[in-house]
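Visitor: Here it is: the structure, laid out below.
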Amino acid sequence: MRIALLSDIHANREALDACLAHVNRQGADRIAILGDIVGYGGDPVACAEIVAGLADEGAIVILGNHDEAVLRDEPDMNADALAAIRWTRGVLGQDHKSYLAGLPLTHRDGEMLLVHAGARHPGQWPYVNSPREAELSLSATDARLVFCGHTHMPVVFSLQPNGTCLPFVPVANQPVPLLRHRRWQAVIGSVGQPRDGSPAAAYAILDLGQGTLTQHRVPYDHQAAAARIRAAGLPERLASRLALGR
Ligand code: ZN
């Protein structure tokens, strides 16, 4: 069973299309979307509809904080993020909002847990950006494998026998063995707004048979995605950061 894990699409249709084409070439039995379908980017309607279509074909889809923010009156966010949320709220139809409102916070399947932010208090959107936060996430579940997004920074944590987590930054195309006697917390990079210094879209393929997680980086037309953000009148920083991967 190979599962393509895509997170933090952020209304970036160009990045989403490029990643889905890459998934097709790689071959996957299932697709899982780990939240933040909208927010920041200029194509929320297209991205919501593509994701809903994937769900109709069997994809797992869970809720992210930006998806939730569209549905709330006063989300607690920085000014740029908030500007995008307000704009997104105006362009999404009621059917899109109803779709987002129906998404679950987590998805458990056997030894695997999928969540947008972290397994501990997932609705409070914790950032798994340190070994300590990875330990807290793993301590909140008995799932052996926890996959999340939210930080836009790919990293794999393994829980050591002494109870601490060891971080490892995955290299593209190099499978990380998720040793079966260990527990793992992996943060999948962002499809639509990478922040680790590379503008290429990021996603990962989990191979449950092989017990590996492989990060992939997919170059895409980030200038076209930036043009959509500018055309929507959203903050310039949201457009310019796509070229920097920051
Ligand atoms: Zn995000």
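In the structure tokens, the first chain shown is A, the next is B, and so on; residue numbers restart at 1 for each chain, and ligands run from 1 in the order shown.
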Can I get the residues close to ligand 1 as an NGL selection string, where close means within 9 Å and we count only C-alpha atoms and all ligand atoms?
Guide: :A and (7-10 or 35-40 or 64-66 or 116-117 or 149-152 or 190 or 192-193)
Visitor: With C-alpha atoms retained, could you export that selection as a JSON list (two decimals), in the first residue's frame?
Guide:
```
[["chain", "number", "residue", "atom", "x", "y", "z"],
["A", 7, "SER", "CA", -0.34, 18.87, 2.89],
["A", 8, "ASP", "CA", -0.72, 22.64, 2.93],
["A", 9, "ILE", "CA", -1.89, 23.16, -0.64],
["A", 10, "HIS", "CA", -2.89, 26.71, 0.25],
["A", 35, "GLY", "CA", -5.33, 20.00, 5.52],
["A", 36, "ASP", "CA", -4.90, 23.68, 4.61],
["A", 37, "ILE", "CA", -6.46, 23.30, 1.21],
["A", 38, "VAL", "CA", -7.08, 27.07, 1.12],
["A", 39, "GLY", "CA", -5.51, 30.22, 2.57],
["A", 40, "TYR", "CA", -2.59, 32.35, 1.30],
["A", 64, "GLY", "CA", -6.41, 22.41, 8.46],
["A", 65, "ASN", "CA", -6.42, 25.63, 10.46],
["A", 66, "HIS", "CA", -6.78, 27.83, 7.36],
["A", 116, "HIS", "CA", -2.90, 18.56, 10.17],
["A", 117, "ALA", "CA", -0.95, 20.03, 13.10],
["A", 149, "GLY", "CA", 1.85, 19.14, 8.01],
["A", 150, "HIS", "CA", 1.26, 22.71, 9.28],
["A", 151, "THR", "CA", 4.87, 23.91, 9.70],
["A", 152, "HIS", "CA", 5.71, 23.67, 5.96],
["A", 190, "SER", "CA", 3.98, 22.02, 1.90],
["A", 192, "GLY", "CA", 1.63, 25.24, -2.08],
["A", 193, "GLN", "CA", 3.90, 27.33, 0.13]]
```
Visitor: If you run DSSP over the backbone, which residues in segment 16-246 of chain A end up helix (DSSP H, G or I)? Put them as a PyMOL selection string.
Guide: chain A and resi 16-26+44-56+65-70+79-91+94-101+122-124+131-139+222-231+236-244
Visitor: List as a PyMOL selection string the protein and nucleic acid residues near Asp221 of chain A, meaning an atom at most 9 Å away when only C-alpha atoms are counted, but skip any in the same chain fewer than 5 places from it.
Guide: chain A and resi 14-15+18+226
Visitor: List the neighbours of Leu92 of chain A out to 12 Å using only C-alpha atoms; skip same-chain residues closer than 5 positions along the sequence, and give me the result as an MDAnalysis selection string.
Guide: chainID A and resid 11 38:39 42:49 67 70:71 84:87 97:100
Visitor: Would you export the selected residues with N, CA, C and O atoms as an mmCIF file, in the first residue's frame, please?
Guide:
```cif
data_model
loop_
_atom_site.group_PDB
_atom_site.id
_atom_site.type_symbol
_atom_site.label_atom_id
_atom_site.label_comp_id
_atom_site.auth_asym_id
_atom_site.auth_seq_id
_atom_site.Cartn_x
_atom_site.Cartn_y
_atom_site.Cartn_z
ATOM 1 N N ALA A 11 -4.336 26.836 -1.669
ATOM 2 C CA ALA A 11 -4.952 27.486 -2.837
ATOM 3 C C ALA A 11 -3.957 27.745 -3.964
ATOM 4 O O ALA A 11 -4.106 28.709 -4.721
ATOM 5 N N VAL A 38 -6.967 25.652 1.511
ATOM 6 C CA VAL A 38 -7.078 27.067 1.117
ATOM 7 C C VAL A 38 -6.237 27.946 2.046
ATOM 8 O O VAL A 38 -5.575 27.464 2.952
ATOM 9 N N GLY A 39 -6.300 29.257 1.809
ATOM 10 C CA GLY A 39 -5.514 30.224 2.572
ATOM 11 C C GLY A 39 -4.231 30.557 1.832
ATOM 12 O O GLY A 39 -3.651 29.689 1.172
ATOM 13 N N GLY A 42 -4.149 32.049 -4.434
ATOM 14 C CA GLY A 42 -5.134 32.738 -5.259
ATOM 15 C C GLY A 42 -6.162 31.847 -5.940
ATOM 16 O O GLY A 42 -6.977 32.357 -6.716
ATOM 17 N N ASP A 43 -6.137 30.544 -5.657
ATOM 18 C CA ASP A 43 -7.064 29.633 -6.348
ATOM 19 C C ASP A 43 -7.831 28.720 -5.397
ATOM 20 O O ASP A 43 -7.834 27.493 -5.566
ATOM 21 N N PRO A 44 -8.509 29.298 -4.414
ATOM 22 C CA PRO A 44 -9.180 28.432 -3.432
ATOM 23 C C PRO A 44 -10.317 27.604 -4.021
ATOM 24 O O PRO A 44 -10.501 26.444 -3.629
ATOM 25 N N VAL A 45 -11.063 28.191 -4.970
ATOM 26 C CA VAL A 45 -12.206 27.451 -5.526
ATOM 27 C C VAL A 45 -11.706 26.215 -6.278
ATOM 28 O O VAL A 45 -12.181 25.090 -6.062
ATOM 29 N N ALA A 46 -10.717 26.423 -7.163
ATOM 30 C CA ALA A 46 -10.197 25.291 -7.942
ATOM 31 C C ALA A 46 -9.622 24.225 -7.015
ATOM 32 O O ALA A 46 -9.860 23.023 -7.206
ATOM 33 N N CYS A 47 -8.870 24.649 -6.005
ATOM 34 C CA CYS A 47 -8.231 23.662 -5.121
ATOM 35 C C CYS A 47 -9.269 22.901 -4.303
ATOM 36 O O CYS A 47 -9.165 21.679 -4.134
ATOM 37 N N ALA A 48 -10.286 23.618 -3.796
ATOM 38 C CA ALA A 48 -11.340 22.928 -3.034
ATOM 39 C C ALA A 48 -12.056 21.921 -3.920
ATOM 40 O O ALA A 48 -12.379 20.805 -3.483
ATOM 41 N N GLU A 49 -12.288 22.290 -5.175
ATOM 42 C CA GLU A 49 -13.016 21.378 -6.074
ATOM 43 C C GLU A 49 -12.146 20.187 -6.482
ATOM 44 O O GLU A 49 -12.643 19.057 -6.583
ATOM 45 N N ASP A 67 -8.405 26.168 6.630
ATOM 46 C CA ASP A 67 -9.739 25.743 6.198
ATOM 47 C C ASP A 67 -10.762 26.114 7.268
ATOM 48 O O ASP A 67 -11.847 26.621 6.961
ATOM 49 N N VAL A 70 -11.628 29.951 7.531
ATOM 50 C CA VAL A 70 -12.605 30.474 6.567
ATOM 51 C C VAL A 70 -14.017 30.404 7.149
ATOM 52 O O VAL A 70 -14.872 31.215 6.817
ATOM 53 N N LEU A 71 -14.219 29.440 8.055
ATOM 54 C CA LEU A 71 -15.554 29.189 8.584
ATOM 55 C C LEU A 71 -15.817 29.943 9.873
ATOM 56 O O LEU A 71 -16.916 29.899 10.405
ATOM 57 N N ALA A 84 -5.896 37.027 3.377
ATOM 58 C CA ALA A 84 -6.205 35.945 2.435
ATOM 59 C C ALA A 84 -7.458 35.181 2.872
ATOM 60 O O ALA A 84 -8.277 34.788 2.035
ATOM 61 N N ILE A 85 -7.598 34.980 4.179
ATOM 62 C CA ILE A 85 -8.783 34.261 4.680
ATOM 63 C C ILE A 85 -10.051 35.053 4.357
ATOM 64 O O ILE A 85 -11.053 34.490 3.897
ATOM 65 N N ARG A 86 -10.000 36.373 4.567
ATOM 66 C CA ARG A 86 -11.200 37.194 4.309
ATOM 67 C C ARG A 86 -11.563 37.160 2.827
ATOM 68 O O ARG A 86 -12.741 37.059 2.455
ATOM 69 N N TRP A 87 -10.543 37.243 1.977
ATOM 70 C CA TRP A 87 -10.793 37.181 0.535
ATOM 71 C C TRP A 87 -11.347 35.805 0.153
ATOM 72 O O TRP A 87 -12.301 35.680 -0.618
ATOM 73 N N LYS A 97 -17.759 25.780 1.369
ATOM 74 C CA LYS A 97 -17.647 25.957 2.828
ATOM 75 C C LYS A 97 -18.252 24.765 3.561
ATOM 76 O O LYS A 97 -17.707 24.311 4.577
ATOM 77 N N SER A 98 -19.362 24.268 3.050
ATOM 78 C CA SER A 98 -19.976 23.089 3.678
ATOM 79 C C SER A 98 -19.043 21.896 3.583
ATOM 80 O O SER A 98 -18.942 21.090 4.513
ATOM 81 N N TYR A 99 -18.353 21.797 2.450
ATOM 82 C CA TYR A 99 -17.408 20.695 2.290
ATOM 83 C C TYR A 99 -16.298 20.802 3.332
ATOM 84 O O TYR A 99 -15.979 19.831 4.021
ATOM 85 N N LEU A 100 -15.715 21.997 3.466
ATOM 86 C CA LEU A 100 -14.638 22.191 4.448
ATOM 87 C C LEU A 100 -15.143 21.923 5.864
ATOM 88 O O LEU A 100 -14.446 21.309 6.682
#
```
Visitor: Using only C-alpha atoms, find the one residue out of A:Arg228, A:Ala172, A:Met153, A:Gln185 that sits nearest to Ser137 of chain A.
Guide: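 Between A:Arg228, A:Ala172, A:Met153, A:Gln185, the residue approaching Ser137 of chain A most closely is A:Gln185.
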Visitor: Go through A:Leu244, A:Val91, A:Leu6, A:Ala59 one by one, measure the shortest atom-to-atom distance of each to Pro199 of chain A using only C-alpha atoms, and give the residue with the smallest value.
Guide: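 With only C-alpha atoms as the atom set, the closest residue is A:Leu244.
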Visitor: A:Leu242, A:His222, A:Phe157, A:Val191: which is nearest Leu20 of chain A, counting only C-alpha atoms?
Guide: A:Val191
Visitor: If we count only C-alpha atoms and set the cut-off at 8 Å, which residues sit around Ala186 of chain A, ignoring sequence neighbours fewer than 5 positions away in its own chain? Please answer as a list of chain:residue names.
Guide: A:Leu145, A:Val146, A:Phe147, A:Cys148, A:Pro154, A:Val155, A:Val156, A:Phe157
Visitor: Using the selection just defined, write its residues with C-alpha atoms as a PDB file, in the first residue's frame.
Guide:
```pdb
ATOM      1  CA  LEU A 145       3.136   6.367  12.717  1.00  0.00           C
ATOM      2  CA  VAL A 146       1.902   9.961  12.896  1.00  0.00           C
ATOM      3  CA  PHE A 147       1.948  12.199   9.821  1.00  0.00           C
ATOM      4  CA  CYS A 148       1.157  15.888   9.840  1.00  0.00           C
ATOM      5  CA  PRO A 154       9.745  18.584   6.154  1.00  0.00           C
ATOM      6  CA  VAL A 155      11.265  16.639   9.080  1.00  0.00           C
ATOM      7  CA  VAL A 156      11.072  13.089  10.391  1.00  0.00           C
ATOM      8  CA  PHE A 157      11.289  12.371  14.141  1.00  0.00           C
TER       9      PHE A 157
END
```
Visitor: Which is closer to Gly58 of chain A than all the others in A:Ile33, A:Ala201, A:Ser130, A:Pro194, using only C-alpha atoms?
Guide: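 The shortest atom-to-atom distance to Gly58 of chain A comes from A:Ile33.
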Visitor: Suppose you want the space between atom CA of Leu238 of chain A and atom CA of Glu68 of chain A; what is it in Å?
Guide: 19.5 Å
Visitor: Restricting the calculation to only C-alpha atoms, which member of A:Val187, A:Ile62, A:Ala243, A:Ala52 is positioned closest to Phe168 of chain A?
Guide: A:Val187
Visitor: Would you mind writing down, as a PyMOL selection string, each residue of segment 19-218 of chain A that DSSP on the backbone assigns to strand (DSSP E)?
Guide: chain A and resi 30-33+60-61+106-109+112-115+145-148+155-159+165-168+176-177+183-187+201-207+212-218
Visitor: Restrict the selected residues to N, CA and C atoms and save them as a compact mmCIF listing (two decimals), in the first residue's frame.
Guide:
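What follows is the written file selection_14.txt:
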```txt
# COMPACT_ATOMS: atom_id res chain seq x y z
N ARG A 30 -3.38 5.31 -2.83
CA ARG A 30 -4.30 6.21 -2.17
C ARG A 30 -3.65 7.58 -2.01
N ILE A 31 -4.49 8.59 -1.95
CA ILE A 31 -4.02 9.95 -1.71
C ILE A 31 -4.60 10.43 -0.39
N ALA A 32 -3.78 11.11 0.41
CA ALA A 32 -4.28 11.73 1.64
C ALA A 32 -3.89 13.21 1.63
N ILE A 33 -4.86 14.06 1.90
CA ILE A 33 -4.65 15.51 1.95
C ILE A 33 -4.69 15.91 3.43
N ILE A 60 -8.32 10.42 1.32
CA ILE A 60 -8.54 10.85 2.70
C ILE A 60 -8.30 12.36 2.72
N VAL A 61 -9.18 13.12 3.35
CA VAL A 61 -8.99 14.58 3.45
C VAL A 61 -9.28 14.99 4.89
N THR A 106 -8.82 14.43 12.34
CA THR A 106 -7.82 13.36 12.27
C THR A 106 -8.38 12.20 11.44
N HIS A 107 -7.47 11.34 10.99
CA HIS A 107 -7.88 10.11 10.33
C HIS A 107 -6.97 9.00 10.84
N ARG A 108 -7.58 7.96 11.44
CA ARG A 108 -6.81 6.84 11.97
C ARG A 108 -7.06 5.62 11.10
N ASP A 109 -5.98 4.97 10.70
CA ASP A 109 -6.11 3.75 9.91
C ASP A 109 -5.01 2.80 10.39
N MET A 112 -1.49 3.96 11.70
CA MET A 112 -1.20 5.29 11.14
C MET A 112 -2.25 6.31 11.59
N LEU A 113 -1.77 7.47 12.01
CA LEU A 113 -2.66 8.59 12.32
C LEU A 113 -2.27 9.77 11.44
N LEU A 114 -3.25 10.37 10.78
CA LEU A 114 -3.04 11.57 9.97
C LEU A 114 -3.72 12.74 10.67
N VAL A 115 -3.01 13.85 10.78
CA VAL A 115 -3.55 15.03 11.44
C VAL A 115 -2.87 16.25 10.82
N LEU A 145 2.71 5.42 13.75
CA LEU A 145 3.14 6.37 12.72
C LEU A 145 2.18 7.57 12.72
N VAL A 146 2.72 8.75 12.93
CA VAL A 146 1.90 9.96 12.90
C VAL A 146 2.44 10.87 11.79
N PHE A 147 1.56 11.31 10.92
CA PHE A 147 1.95 12.20 9.82
C PHE A 147 1.14 13.48 9.92
N CYS A 148 1.84 14.61 9.78
CA CYS A 148 1.16 15.89 9.84
C CYS A 148 1.82 16.88 8.88
N VAL A 155 10.36 17.22 8.09
CA VAL A 155 11.27 16.64 9.08
C VAL A 155 10.64 15.33 9.58
N VAL A 156 11.52 14.38 9.88
CA VAL A 156 11.07 13.09 10.39
C VAL A 156 11.67 12.91 11.78
N PHE A 157 10.82 12.61 12.78
CA PHE A 157 11.29 12.37 14.14
C PHE A 157 11.11 10.89 14.47
N SER A 158 12.15 10.27 15.04
CA SER A 158 12.00 8.90 15.55
C SER A 158 12.07 8.95 17.06
N LEU A 159 11.15 8.21 17.69
CA LEU A 159 11.12 8.16 19.16
C LEU A 159 12.15 7.14 19.64
N CYS A 165 12.86 12.38 21.08
CA CYS A 165 12.74 12.26 19.63
C CYS A 165 14.01 12.77 18.94
N LEU A 166 14.42 12.06 17.92
CA LEU A 166 15.60 12.43 17.14
C LEU A 166 15.11 12.97 15.79
N PRO A 167 15.47 14.22 15.44
CA PRO A 167 15.00 14.78 14.16
C PRO A 167 15.91 14.40 13.00
N PHE A 168 15.33 14.30 11.85
CA PHE A 168 16.07 13.97 10.63
C PHE A 168 15.40 14.70 9.47
N VAL A 176 13.21 7.09 3.55
CA VAL A 176 13.60 7.02 4.96
C VAL A 176 12.96 5.75 5.53
N PRO A 177 13.78 4.78 6.02
CA PRO A 177 13.18 3.58 6.60
C PRO A 177 12.53 3.88 7.94
N ARG A 183 8.66 4.23 16.93
CA ARG A 183 7.51 5.07 16.59
C ARG A 183 8.04 6.32 15.89
N TRP A 184 7.20 6.86 15.00
CA TRP A 184 7.65 7.94 14.12
C TRP A 184 6.63 9.05 14.04
N GLN A 185 7.13 10.27 14.00
CA GLN A 185 6.30 11.46 13.76
C GLN A 185 6.94 12.19 12.59
N ALA A 186 6.26 12.23 11.46
CA ALA A 186 6.84 12.89 10.29
C ALA A 186 6.01 14.11 9.92
N VAL A 187 6.71 15.20 9.62
CA VAL A 187 6.06 16.41 9.15
C VAL A 187 6.29 16.49 7.65
N ALA A 201 7.47 22.46 -4.94
CA ALA A 201 6.40 21.89 -4.12
C ALA A 201 6.91 20.62 -3.44
N ALA A 202 6.42 20.37 -2.22
CA ALA A 202 6.86 19.19 -1.46
C ALA A 202 5.67 18.30 -1.13
N TYR A 203 5.89 17.00 -1.25
CA TYR A 203 4.93 16.02 -0.73
C TYR A 203 5.72 14.75 -0.45
N ALA A 204 5.05 13.71 0.04
CA ALA A 204 5.77 12.48 0.39
C ALA A 204 4.94 11.27 0.02
N ILE A 205 5.62 10.16 -0.22
CA ILE A 205 4.93 8.89 -0.44
C ILE A 205 5.32 7.93 0.68
N LEU A 206 4.29 7.47 1.38
CA LEU A 206 4.45 6.47 2.43
C LEU A 206 4.23 5.10 1.80
N ASP A 207 5.23 4.23 1.94
CA ASP A 207 5.10 2.86 1.43
C ASP A 207 4.99 1.93 2.64
N THR A 212 8.71 2.63 4.34
CA THR A 212 9.53 3.80 4.03
C THR A 212 8.67 5.03 3.78
N LEU A 213 9.28 6.19 3.99
CA LEU A 213 8.67 7.47 3.65
C LEU A 213 9.64 8.19 2.72
N THR A 214 9.16 8.60 1.56
CA THR A 214 10.04 9.27 0.60
C THR A 214 9.49 10.65 0.29
N GLN A 215 10.33 11.65 0.55
CA GLN A 215 9.97 13.03 0.25
C GLN A 215 10.22 13.30 -1.24
N HIS A 216 9.30 13.99 -1.86
CA HIS A 216 9.49 14.39 -3.25
C HIS A 216 9.40 15.90 -3.37
N ARG A 217 10.20 16.46 -4.29
CA ARG A 217 10.13 17.89 -4.59
C ARG A 217 9.79 18.04 -6.05
N VAL A 218 8.81 18.89 -6.31
CA VAL A 218 8.26 19.02 -7.66
C VAL A 218 8.30 20.48 -8.09
```
Visitor: For each of A:Gly245, A:Gly102, A:Gly90, A:Pro161, take the minimum atom-to-atom distance to Gly197 of chain A, counting only C-alpha atoms, then give the residue where this is smallest.
Guide: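 Going through A:Gly245, A:Gly102, A:Gly90, A:Pro161 one by one, the smallest distance to Gly197 of chain A is for A:Gly245.
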Visitor: Interatomic distance between atom CA of Glu236 of chain A and atom CA of Gly189 of chain A?
Guide: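 Taking atom CA of Glu236 of chain A and atom CA of Gly189 of chain A, their separation equals 22.6 Å.
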